[in-house]
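Below is structure11.txt, holding compact mmCIF, C-alpha atoms.
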# COMPACT_ATOMS: atom_id res chain seq x y z
CA MET A 1403 -38.26 17.89 -78.01
CA ILE A 1404 -41.61 18.46 -76.28
CA ARG A 1405 -42.70 22.11 -76.12
CA LEU A 1406 -44.49 22.66 -72.82
CA LYS A 1407 -46.65 25.56 -74.05
CA MET A 1408 -47.93 23.57 -77.04
CA MET A 1409 -48.57 20.46 -74.93
CA MET A 1410 -50.48 22.39 -72.25
CA GLY A 1411 -52.60 24.12 -74.89
CA ILE A 1412 -53.68 20.71 -76.20
CA ALA A 1413 -54.23 19.56 -72.61
CA ARG A 1414 -56.56 22.46 -71.82
CA ALA A 1415 -58.66 21.79 -74.91
CA GLU A 1416 -58.85 18.06 -74.16
CA SER A 1417 -59.73 18.75 -70.52
CA ARG A 1418 -62.69 20.93 -71.52
CA LEU A 1419 -63.97 18.24 -73.88
CA THR A 1420 -63.52 15.52 -71.24
CA ARG A 1421 -65.57 17.42 -68.65
CA ARG A 1422 -68.43 17.73 -71.16
CA LEU A 1423 -68.72 13.97 -71.65
CA VAL A 1424 -71.68 12.26 -69.97
CA ARG A 1425 -69.62 9.10 -69.39
CA TYR A 1426 -67.08 11.14 -67.43
CA TRP A 1427 -69.71 12.18 -64.89
CA VAL A 1428 -71.33 8.74 -64.82
CA PHE A 1429 -68.12 6.95 -63.86
CA MET A 1430 -67.00 9.68 -61.47
CA ILE A 1431 -70.30 9.62 -59.58
CA LEU A 1432 -70.38 5.81 -59.58
CA ALA A 1433 -66.81 5.62 -58.24
CA ALA A 1434 -67.61 8.25 -55.60
CA LEU A 1435 -70.68 6.29 -54.45
CA VAL A 1436 -68.61 3.10 -54.15
CA GLY A 1437 -65.98 4.94 -52.12
CA ALA A 1438 -68.65 6.54 -49.91
CA PHE A 1439 -70.24 3.13 -49.27
CA PHE A 1440 -66.99 1.62 -48.00
CA TYR A 1441 -66.22 4.76 -45.98
CA ALA A 1442 -69.61 4.41 -44.28
CA GLN A 1443 -69.10 0.66 -43.77
CA TYR A 1444 -65.70 1.10 -42.10
CA SER A 1445 -67.09 3.94 -39.97
CA LEU A 1446 -69.99 1.76 -38.80
CA LEU A 1447 -67.75 -1.22 -37.99
CA HIS A 1448 -65.36 1.02 -36.08
CA TYR A 1449 -68.21 2.68 -34.19
CA GLN A 1450 -69.88 -0.57 -33.17
CA PHE A 1451 -66.98 -2.92 -32.43
CA SER A 1452 -63.73 -0.99 -31.85
CA SER A 1453 -64.36 -0.78 -28.10
CA ALA A 1454 -64.38 -4.59 -27.90
CA SER A 1455 -61.35 -5.36 -30.06
CA ALA A 1456 -58.16 -3.47 -30.90
CA THR A 1457 -57.96 -5.45 -34.15
CA VAL A 1458 -61.38 -4.23 -35.25
CA GLY A 1459 -60.23 -0.78 -34.15
CA THR A 1460 -57.89 -0.70 -37.14
CA LEU A 1461 -60.99 -0.71 -39.38
CA ASN A 1462 -60.99 3.04 -39.09
CA PRO A 1463 -61.44 5.33 -42.10
CA ARG A 1464 -58.76 7.49 -40.50
CA PHE A 1465 -56.20 4.85 -41.48
CA LEU A 1466 -57.89 3.08 -44.38
CA ILE A 1467 -58.54 5.92 -46.81
CA SER A 1468 -56.07 4.35 -49.24
CA ASP A 1469 -58.11 1.13 -49.13
CA ILE A 1470 -61.28 3.13 -49.76
CA GLY A 1471 -59.45 4.90 -52.57
CA PHE A 1472 -58.57 1.51 -54.05
CA ARG A 1473 -62.31 0.81 -54.44
CA TYR A 1474 -62.76 4.22 -56.08
CA LEU A 1475 -59.90 3.56 -58.49
CA PHE A 1476 -61.19 0.05 -59.17
CA VAL A 1477 -64.34 1.57 -60.69
CA PHE A 1478 -62.99 4.78 -62.20
CA LEU A 1479 -60.11 3.08 -64.04
CA VAL A 1480 -62.72 1.30 -66.14
CA GLY A 1481 -64.15 4.72 -66.96
CA ILE A 1482 -60.66 5.94 -67.95
CA ILE A 1483 -60.80 3.47 -70.85
CA PHE A 1484 -63.91 5.15 -72.22
CA LEU A 1485 -62.48 8.62 -71.64
CA GLY A 1486 -59.47 7.63 -73.74
CA MET A 1487 -61.66 6.51 -76.63
CA ASP A 1488 -61.35 9.89 -78.33
CA VAL A 1489 -57.60 9.92 -78.78
CA ARG A 1490 -58.20 9.77 -82.55
CA ALA A 1491 -61.80 8.65 -83.20
CA ARG A 1492 -63.42 11.98 -82.28
CA ASP A 1493 -61.19 13.91 -84.68
CA VAL A 1494 -62.09 11.55 -87.52
CA ARG A 1495 -65.80 11.45 -86.63
CA GLU A 1496 -66.07 15.23 -86.61
CA ARG A 1497 -63.91 15.50 -89.74
CA MET A 1498 -61.35 17.60 -87.92
CA ASP A 1499 -58.46 15.19 -88.37
CA GLY A 1500 -57.13 17.00 -91.43
CA VAL A 1501 -57.11 20.35 -89.60
CA LEU A 1502 -55.51 18.91 -86.47
CA ASP A 1503 -52.94 17.02 -88.50
CA ALA A 1504 -51.82 20.36 -89.94
CA LEU A 1505 -51.13 21.84 -86.49
CA PRO A 1506 -47.44 22.63 -85.85
CA CYS A 1507 -47.12 20.13 -83.00
CA SER A 1508 -45.40 16.78 -82.74
CA ASN A 1509 -47.20 13.53 -81.99
CA LEU A 1510 -45.48 13.44 -78.60
CA GLU A 1511 -46.95 16.84 -77.74
CA LEU A 1512 -50.35 15.72 -79.04
CA VAL A 1513 -50.46 12.40 -77.16
CA PHE A 1514 -49.06 13.75 -73.89
CA GLY A 1515 -51.32 16.80 -74.13
CA LYS A 1516 -54.36 14.55 -74.53
CA TYR A 1517 -53.08 12.39 -71.65
CA ILE A 1518 -52.90 15.41 -69.34
CA GLY A 1519 -56.32 16.51 -70.56
CA VAL A 1520 -57.80 13.20 -69.39
CA PHE A 1521 -55.63 12.78 -66.30
CA VAL A 1522 -56.29 16.16 -64.65
CA PRO A 1523 -60.14 15.95 -64.74
CA SER A 1524 -59.80 12.42 -63.34
CA TRP A 1525 -57.40 13.28 -60.51
CA ILE A 1526 -58.89 16.57 -59.27
CA PRO A 1527 -62.32 15.11 -58.26
CA LEU A 1528 -60.57 12.39 -56.26
CA THR A 1529 -58.49 15.04 -54.50
CA LEU A 1530 -61.58 17.12 -53.70
CA ILE A 1531 -63.42 14.07 -52.35
CA ILE A 1532 -60.51 13.12 -50.09
CA LEU A 1533 -60.11 16.69 -48.80
CA THR A 1534 -63.84 16.82 -48.09
CA LEU A 1535 -63.65 13.57 -46.12
CA TRP A 1536 -60.66 14.96 -44.23
CA ALA A 1537 -62.60 18.12 -43.34
CA VAL A 1538 -65.63 16.12 -42.19
CA GLY A 1539 -63.42 13.88 -40.07
CA PHE A 1540 -61.63 16.90 -38.62
CA ILE A 1541 -64.95 18.38 -37.52
CA TRP A 1542 -65.96 15.06 -35.93
CA GLY A 1543 -62.59 14.67 -34.20
CA GLY A 1544 -61.22 11.81 -36.32
CA SER A 1545 -59.58 13.30 -39.38
CA ILE A 1546 -57.92 11.14 -42.02
CA GLN A 1547 -54.26 10.36 -41.40
CA PRO A 1548 -52.26 12.63 -43.77
CA HIS A 1549 -49.83 9.84 -44.68
CA THR A 1550 -52.55 7.65 -46.16
CA MET A 1551 -54.01 10.64 -48.04
CA ILE A 1552 -50.65 11.37 -49.67
CA TYR A 1553 -50.17 7.71 -50.57
CA LEU A 1554 -53.57 7.52 -52.27
CA LEU A 1555 -53.45 10.81 -54.18
CA PHE A 1556 -49.88 10.64 -55.39
CA TRP A 1557 -48.48 7.11 -55.19
CA MET A 1558 -51.66 5.18 -56.01
CA ALA A 1559 -53.71 7.39 -58.33
CA ILE A 1560 -51.11 9.04 -60.57
CA PRO A 1561 -49.29 5.85 -61.74
CA ALA A 1562 -52.59 3.95 -62.09
CA PHE A 1563 -54.19 6.66 -64.25
CA THR A 1564 -51.04 6.94 -66.36
CA LEU A 1565 -50.83 3.19 -66.98
CA ILE A 1566 -54.46 2.78 -68.00
CA ILE A 1567 -54.45 5.85 -70.25
CA GLY A 1568 -51.28 4.51 -71.89
CA ILE A 1569 -52.85 1.09 -72.45
CA ALA A 1570 -56.03 2.68 -73.84
CA TYR A 1571 -54.17 4.95 -76.25
CA CYS A 1572 -51.97 2.14 -77.60
CA VAL A 1573 -54.88 -0.24 -78.17
CA LEU A 1574 -57.13 2.44 -79.71
CA LEU A 1575 -54.41 3.56 -82.12
CA LEU A 1576 -53.53 0.00 -83.13
CA VAL A 1577 -57.08 -1.38 -83.43
CA LYS A 1578 -58.99 0.78 -85.89
CA HIS A 1579 -62.45 -0.61 -85.11
CA ARG A 1580 -63.69 1.23 -82.03
CA GLY A 1581 -66.01 -1.56 -80.87
CA ALA A 1582 -63.30 -4.20 -81.13
CA ALA A 1583 -60.88 -1.91 -79.30
CA SER A 1584 -63.43 -1.42 -76.50
CA VAL A 1585 -63.94 -5.17 -76.08
CA LEU A 1586 -60.18 -5.76 -76.09
CA LEU A 1587 -59.59 -3.04 -73.49
CA LEU A 1588 -62.32 -4.41 -71.21
CA ALA A 1589 -60.78 -7.87 -71.57
CA ILE A 1590 -57.37 -6.45 -70.63
CA MET A 1591 -58.87 -4.74 -67.56
CA ALA A 1592 -60.66 -7.94 -66.57
CA GLY A 1593 -57.39 -9.84 -66.94
CA ILE A 1594 -55.52 -7.31 -64.79
CA TYR A 1595 -58.16 -7.47 -62.06
CA ALA A 1596 -58.33 -11.28 -62.20
CA ALA A 1597 -54.55 -11.55 -61.95
CA PHE A 1598 -54.58 -9.26 -58.91
CA PHE A 1599 -57.37 -11.05 -57.03
CA PHE A 1600 -56.44 -14.66 -57.82
CA SER A 1601 -52.63 -14.65 -57.90
CA PRO A 1602 -50.43 -15.46 -54.86
CA ILE A 1603 -49.57 -12.53 -52.60
CA TRP A 1604 -45.91 -12.63 -53.63
CA LEU A 1605 -47.02 -11.75 -57.18
CA ALA A 1606 -48.84 -8.61 -56.00
CA PRO A 1607 -46.09 -6.19 -57.13
CA ALA A 1608 -46.54 -7.41 -60.70
CA THR A 1609 -50.35 -7.56 -60.72
CA ASP A 1610 -51.33 -4.60 -58.51
CA MET A 1611 -51.63 -1.57 -60.79
CA THR A 1612 -53.26 0.57 -58.07
CA GLY A 1613 -50.78 -0.05 -55.24
CA GLY A 1614 -53.64 -0.86 -52.88
CA ALA A 1615 -52.02 -4.11 -51.70
CA LEU A 1616 -48.65 -2.48 -50.99
CA ASN A 1617 -49.56 0.33 -48.59
CA SER A 1618 -48.22 0.33 -45.04
CA PHE A 1619 -50.13 -1.16 -42.12
CA PRO A 1620 -51.98 1.68 -40.33
CA SER A 1621 -50.19 3.12 -37.32
CA ASP A 1622 -50.06 6.33 -35.32
CA ILE A 1623 -46.82 5.24 -33.64
CA ILE A 1624 -44.67 4.75 -36.75
CA PRO A 1625 -46.74 6.19 -39.62
CA GLU A 1626 -45.12 6.20 -43.03
CA VAL A 1627 -46.30 7.42 -46.40
CA ILE A 1628 -44.87 4.51 -48.39
CA THR A 1629 -42.52 1.56 -47.95
CA GLY A 1630 -39.40 1.19 -50.04
CA GLU A 1631 -40.87 -1.77 -51.93
CA ALA A 1632 -44.09 0.09 -52.70
CA MET A 1633 -42.19 3.19 -53.85
CA ILE A 1634 -40.13 1.19 -56.34
CA GLN A 1635 -43.26 -0.61 -57.58
CA ARG A 1636 -45.20 2.62 -58.12
CA ILE A 1637 -42.29 4.22 -59.97
CA ALA A 1638 -42.11 1.12 -62.19
CA VAL A 1639 -45.85 1.33 -62.95
CA MET A 1640 -45.44 5.02 -63.80
CA LEU A 1641 -42.53 4.23 -66.12
CA MET A 1642 -44.61 1.56 -67.84
CA GLY A 1643 -47.44 4.03 -68.39
CA LEU A 1644 -45.06 6.65 -69.80
CA GLY A 1645 -43.50 4.01 -72.05
CA LEU A 1646 -46.91 3.12 -73.44
CA LEU A 1647 -47.68 6.79 -74.08
CA TRP A 1648 -44.36 7.17 -75.89
CA MET A 1649 -45.19 4.16 -78.05
CA ALA A 1650 -48.67 5.56 -78.70
CA ALA A 1651 -47.04 8.68 -80.15
CA GLY A 1652 -45.22 6.39 -82.58
CA PHE A 1653 -48.40 4.47 -83.46
CA HIS A 1654 -50.38 7.66 -84.15
CA PRO A 1655 -51.30 7.83 -87.88
CA ARG A 1656 -50.69 11.58 -87.98
CA LYS A 1657 -47.50 12.42 -89.86
CA ASP A 1658 -44.86 14.58 -88.22
CA ASP A 1659 -41.08 14.87 -88.27
CA GLY A 1660 -40.57 12.20 -85.60
CA LYS A 1661 -39.23 8.74 -86.32
CA PHE A 1662 -41.39 5.74 -85.44
CA ALA A 1663 -38.40 3.55 -84.56
CA GLN A 1664 -37.03 6.14 -82.15
CA ARG A 1665 -40.32 6.60 -80.31
CA PHE A 1666 -41.04 2.89 -80.24
CA GLY A 1667 -37.52 2.26 -78.93
CA VAL A 1668 -37.82 4.80 -76.11
CA GLY A 1669 -41.21 3.40 -75.12
CA LEU A 1670 -39.93 -0.16 -75.22
CA LEU A 1671 -36.93 0.82 -73.09
CA LEU A 1672 -39.14 2.40 -70.42
CA ILE A 1673 -41.44 -0.63 -70.40
CA SER A 1674 -38.47 -3.01 -70.19
CA VAL A 1675 -36.99 -1.13 -67.23
CA ALA A 1676 -40.38 -1.19 -65.51
CA ALA A 1677 -40.89 -4.91 -66.18
CA ALA A 1678 -37.40 -5.76 -64.93
CA THR A 1679 -38.01 -3.72 -61.77
CA LEU A 1680 -41.32 -5.44 -61.08
CA GLY A 1681 -39.70 -8.81 -61.74
CA GLY A 1682 -36.97 -7.99 -59.24
CA ILE A 1683 -39.51 -7.10 -56.55
CA VAL A 1684 -41.45 -10.31 -57.20
CA LEU A 1685 -38.24 -12.35 -57.00
CA ALA A 1686 -37.32 -10.68 -53.71
CA ARG A 1687 -40.76 -11.52 -52.30
CA LYS A 1688 -40.49 -15.11 -53.50
CA ASN A 1689 -37.06 -15.43 -51.87
CA GLY A 1690 -38.54 -14.02 -48.67
CA ILE A 1691 -41.16 -16.78 -48.61
CA GLU A 1692 -38.50 -19.41 -49.23
CA GLU A 1693 -36.44 -17.91 -46.40
CA ARG A 1694 -39.39 -18.25 -44.03
CA LEU A 1695 -39.69 -21.90 -45.07
CA VAL A 1696 -36.03 -22.34 -44.11
CA TRP A 1697 -36.74 -20.77 -40.71
CA LYS A 1698 -39.71 -23.05 -40.19
CA THR A 1699 -37.74 -26.17 -41.16
CA ALA A 1700 -34.89 -25.19 -38.83
CA HIS A 1701 -37.29 -24.80 -35.90
CA GLU A 1702 -39.01 -28.10 -36.63
CA ALA A 1703 -35.63 -29.88 -36.70
CA ARG A 1704 -34.86 -28.71 -33.14
CA LEU A 1705 -38.39 -29.20 -31.83
CA ASN A 1706 -37.45 -32.11 -29.52
CA ASP A 1707 -34.16 -30.65 -28.25
CA PRO A 1708 -34.00 -29.90 -24.50
CA VAL A 1709 -34.59 -26.24 -23.73
CA PRO A 1710 -34.14 -24.34 -20.46
CA ASN A 1711 -36.98 -23.08 -18.33
CA MET A 1712 -36.72 -19.30 -18.07
CA THR A 1713 -36.89 -18.33 -14.40
CA SER A 1714 -36.40 -14.63 -14.98
CA ILE A 1715 -35.73 -12.03 -17.63
CA THR A 1716 -34.49 -8.56 -16.78
CA GLY A 1717 -32.73 -5.80 -18.65
CA GLU A 1718 -33.33 -2.91 -20.98
CA VAL A 1719 -35.12 -2.66 -24.31
CA VAL A 1720 -34.59 0.45 -26.44
CA VAL A 1721 -37.06 0.98 -29.28
CA ASN A 1722 -36.28 3.50 -32.01
CA PRO A 1723 -39.54 3.48 -34.01
CA GLY A 1724 -38.93 2.59 -37.63
CA GLU A 1725 -35.16 2.34 -37.10
CA SER A 1726 -33.95 -0.33 -34.66
CA LEU A 1727 -34.58 -2.43 -31.56
CA ALA A 1728 -31.76 -2.79 -29.00
CA LEU A 1729 -31.71 -5.42 -26.23
CA ASP A 1730 -29.55 -5.70 -23.11
CA LEU A 1731 -31.01 -8.68 -21.26
CA GLU A 1732 -30.21 -11.14 -18.49
CA ILE A 1733 -32.05 -14.47 -18.65
CA GLY A 1734 -32.24 -16.97 -15.82
CA CYS A 1735 -32.07 -20.58 -17.11
CA LEU A 1736 -33.15 -23.70 -15.21
CA ALA A 1737 -32.59 -27.27 -16.38
CA GLY A 1738 -35.83 -29.26 -16.37
CA GLN A 1739 -36.47 -32.38 -14.33
CA GLY A 1740 -34.56 -35.37 -15.65
CA GLU A 1741 -32.62 -33.25 -18.15
CA SER A 1742 -29.12 -31.88 -18.37
CA LEU A 1743 -28.25 -28.88 -20.48
CA GLU A 1744 -25.02 -28.20 -22.31
CA SER A 1745 -26.60 -25.32 -24.20
CA ALA A 1746 -29.49 -22.91 -23.83
CA LEU A 1747 -31.65 -22.86 -26.94
CA PHE A 1748 -33.95 -19.93 -27.67
CA SER A 1749 -35.85 -18.49 -30.62
CA LEU A 1750 -34.98 -14.91 -31.56
CA ASN A 1751 -36.09 -12.83 -34.51
CA PRO A 1752 -33.32 -13.18 -37.13
CA GLY A 1753 -33.38 -9.45 -37.79
CA ILE A 1754 -32.00 -8.85 -34.28
CA LEU A 1755 -28.33 -9.82 -34.16
CA VAL A 1756 -26.59 -10.78 -30.91
CA LYS A 1757 -23.37 -8.85 -30.36
CA GLU A 1758 -22.03 -10.28 -27.11
CA ALA A 1759 -22.96 -12.91 -24.50
CA LYS A 1760 -21.65 -13.59 -20.97
CA ASP A 1761 -22.58 -15.82 -18.04
CA GLY A 1762 -23.28 -14.87 -14.43
CA GLN A 1763 -19.55 -14.75 -13.66
CA ASP A 1764 -18.92 -12.31 -16.51
CA ARG A 1765 -17.21 -14.96 -18.63
CA PRO A 1766 -17.76 -14.92 -22.41
CA VAL A 1767 -20.33 -17.40 -23.68
CA SER A 1768 -20.06 -18.71 -27.22
CA PHE A 1769 -23.25 -18.81 -29.24
CA ASN A 1770 -24.64 -19.73 -32.63
CA GLN A 1771 -27.40 -17.65 -34.22
CA GLU A 1772 -28.96 -18.97 -37.40
CA ASN A 1773 -32.44 -19.12 -38.96
CA GLY A 1774 -34.09 -17.53 -35.95
CA LEU A 1775 -32.50 -19.98 -33.47
CA LEU A 1776 -30.14 -18.68 -30.78
CA ASP A 1777 -28.03 -21.41 -29.16
CA PHE A 1778 -25.80 -20.42 -26.20
CA LYS A 1779 -23.02 -22.92 -25.37
CA LEU A 1780 -22.97 -22.93 -21.57
CA ASN A 1781 -19.59 -22.89 -19.83
CA GLU A 1782 -20.79 -25.63 -17.44
CA THR A 1783 -23.30 -28.39 -18.04
CA LEU A 1784 -26.45 -27.86 -15.99
CA ALA A 1785 -27.70 -30.95 -14.20
CA SER A 1786 -31.40 -31.46 -13.52
CA GLY A 1787 -32.71 -28.60 -11.36
CA GLU A 1788 -29.55 -26.47 -11.65
CA SER A 1789 -29.71 -22.90 -12.89
CA SER A 1790 -27.49 -20.37 -14.60
CA VAL A 1791 -27.62 -16.88 -16.05
CA VAL A 1792 -26.95 -15.67 -19.59
CA ARG A 1793 -26.50 -11.98 -20.35
CA PHE A 1794 -26.42 -10.71 -23.92
CA THR A 1795 -26.73 -7.57 -26.01
CA ALA A 1796 -28.38 -7.47 -29.43
CA GLU A 1797 -29.61 -4.92 -31.94
CA GLY A 1798 -31.37 -4.84 -35.29
CA ILE A 1799 -34.63 -4.42 -37.16
CA PRO A 1800 -37.07 -7.31 -36.54
CA GLU A 1801 -38.11 -9.37 -39.55
CA GLN A 1802 -41.77 -8.55 -40.04
CA PHE A 1803 -43.05 -12.06 -40.82
CA PHE A 1804 -40.94 -14.11 -38.40
CA GLY A 1805 -43.92 -14.51 -36.07
CA PHE A 1806 -45.97 -16.26 -38.80
CA LEU A 1807 -43.86 -19.37 -39.45
CA ASP A 1808 -46.93 -21.62 -39.34
CA GLY A 1809 -48.18 -19.77 -42.43
CA ALA A 1810 -44.90 -19.96 -44.36
CA HIS A 1811 -46.21 -21.53 -47.54

Translate this structure into C-alpha cells?
Amino acid sequence: MIRLKMMMGIARAESRLTRRLVRYWVFMILAALVGAFFYAQYSLLHYQFSSASATVGTLNPRFLISDIGFRYLFVFLVGIIFLGMDVRARDVRERMDGVLDALPCSNLELVFGKYIGVFVPSWIPLTLIILTLWAVGFIWGGSIQPHTMIYLLFWMAIPAFTLIIGIAYCVLLLVKHRGAASVLLLAIMAGIYAAFFFSPIWLAPATDMTGGALNSFPSDIIPEVITGEAMIQRIAVMLMGLGLLWMAAGFHPRKDDGKFAQRFGVGLLLISVAAATLGGIVLARKNGIEERLVWKTAHEARLNDPVPNMTSITGEVVVNPGESLALDLEIGCLAGQGESLESALFSLNPGILVKEAKDGQDRPVSFNQENGLLDFKLNETLASGESSVVRFTAEGIPEQFFGFLDGAH
C-alpha cells in the first residue's frame, strides 16, 4: 500500500533537486522559445491573411494553443529523459544509496515520489506560460479558447509526461551504464517521433504520445474539450505510463518487502490494457477508412445512372450543435431530356437516416438508403420533361468524412 505522506515527502525533495538542475532550465527555456515562435507565427499569419480567407482565419492562436503546446512538448519531452536520469544514479554517485535504501519506504513510494518530483516542476511552467498567453490575449481582445487550454494542460501534457518518465525510469533501472541508457532513450524517442510523423493517419492513436493529432477542429459554434476517441487514447497513454512506473518499482535494486513478480504483473496488466485499447482505436479508424472506400465504390457504380434535375428544394432544417441534424424537405424532381425516371437517385450523408418519404399526393414512397446513396422508387415513371415531388423526413449525426470520398485511400 502506498502511503501518501511518505510519497509526497520524497516528491518534495525530488522537486527541489530538479529545479536546481541546469538542464531543467535549459530545456524549459528552449521549449518555451519554440512555443513562442509558433505562437508569433500563427498570430502573424492570422493578422495578415485572415481577412482574405476564412480557412486562414482558423490559423488563430486562440484556437491552436494545443498545437503550439504540441511543439512545446515535442522539445521538453526530450528534456524529461535527462531529468529522469537521477532515479538511481545520483544516489549512487553521491554515496547516499545506502542511507536512502534504509528509509522506511517502499519502492512504489520511492518511484512514484520521484515521478511526482519530476512531473510537477515540468507541468507548472507550462501552465504558467499558457495562463500568461491567455492574459495577454485577453488584454488584446483575443484570449485563448478555454477548451483548448484544458485539452493541452490536462489531456495532452499529463499523460505524455507520465509515459516518458515511465520509459526513462524503466530503461535507467535496467541498463546500468548511464551513457548507454541515454543513447537508448534518445533512440526510443527518435523512434516514437518517426513513427508519429511517417505513419499513416489511421495509426495516429498508437503513435501519438502527446495527443496533438487527436484534438478537435477549432470552433466557437460547437467547441469541445476532447472527442471520445481522444479521451480513450489519452487514458490509455496514461495507463501505459503508470504501468511502466509500476514495473520500474519492481526493477529498482533497492530491497524492500514488495514482491517483484507482483509489481511486474500489475505493470504488465496496465500496459496490456493500454495496448489493447490503442489497438482497438486503430482498428476502428482502419475500419472507418475501409467504410469510406465502400461508399466511394458504391457511388462510382451508380455514376452513369439517370438522376433527376432538382427544380426546387424547400422545407425545414433543425441543427442541434454537437447532437443531431433533422431534415423535413420537399424536393422537386424533373426528368432530363431523352430520359425516363423510375426512381430518383440522390446522395445523402449516411449518418442522416430517412424516416419517411411521400410524393406530392401524400402517398408513401418506398426508398433504399445504403452507402450514402438514397434511391426513391417513384410511384409513377416520369417521362422526359415530366416532374414530380418527393417529401421526406430524416435525422441523424452526419458522418464527418463523407464529403471527402475522393481522398478515401

Worksheet item: Which residues, written as a list in words, have at least one atom at most 8 Å from Leu1641 of chain A, with all atoms listed in the file counted and residues fewer than 2 positions away on the same chain left out?
Response: Ile1637, Ala1638, Val1639, Gly1643, Leu1644, Gly1645, Leu1672, Ile1673, Val1675 and Ala1676 of chain A

Discussion item. Calculated over all atoms listed in the file, which of the candidates A:Asn1751, A:Ser1768, A:Thr1795, A:Asn1689 has the smallest distance to Val1719 of chain A?
Written reply: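 Ranking A:Asn1751, A:Ser1768, A:Thr1795, A:Asn1689 by distance to Val1719 of chain A, first place goes to A:Thr1795.
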
Worksheet item: Using all atoms listed in the file, which residue out of A:Ser1674, A:Ser1790, A:Arg1425, A:Ala1785 lies closest to Thr1713 of chain A?
Response: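 Closest residue, counting all atoms listed in the file: A:Ser1790.
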
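Using all atoms listed in the file, the smallest distance between any of A:Asp1659, A:Ile1567, A:Pro1561, A:Ala1589 and Ile1634 of chain A comes from A:Pro1561.
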
Worksheet item: From the list A:Ser1601, A:Ser1786, A:Thr1550, A:Ser1524, which residue is nearest Asn1617 of chain A when using only C-alpha atoms?
Response: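 That would be A:Thr1550, the residue with the smallest distance to Asn1617 of chain A.
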
So that I can see what lies close to Gln1664 of chain A, please list as a short mmCIF file (atom, residue, chain, number, x, y, z; two decimals) with C-alpha atoms, in the frame of the given file the residues with an atom at most 10 Å from it, counting only C-alpha atoms and leaving out residues fewer than 4 positions away in the same chain.
data_model
loop_
_atom_site.label_atom_id
_atom_site.label_comp_id
_atom_site.auth_asym_id
_atom_site.auth_seq_id
_atom_site.Cartn_x
_atom_site.Cartn_y
_atom_site.Cartn_z
CA TRP A 1648 -44.36 7.17 -75.89
CA MET A 1649 -45.19 4.16 -78.05
CA GLY A 1652 -45.22 6.39 -82.58
CA GLY A 1660 -40.57 12.20 -85.60
CA VAL A 1668 -37.82 4.80 -76.11
CA GLY A 1669 -41.21 3.40 -75.12
CA LEU A 1670 -39.93 -0.16 -75.22
#
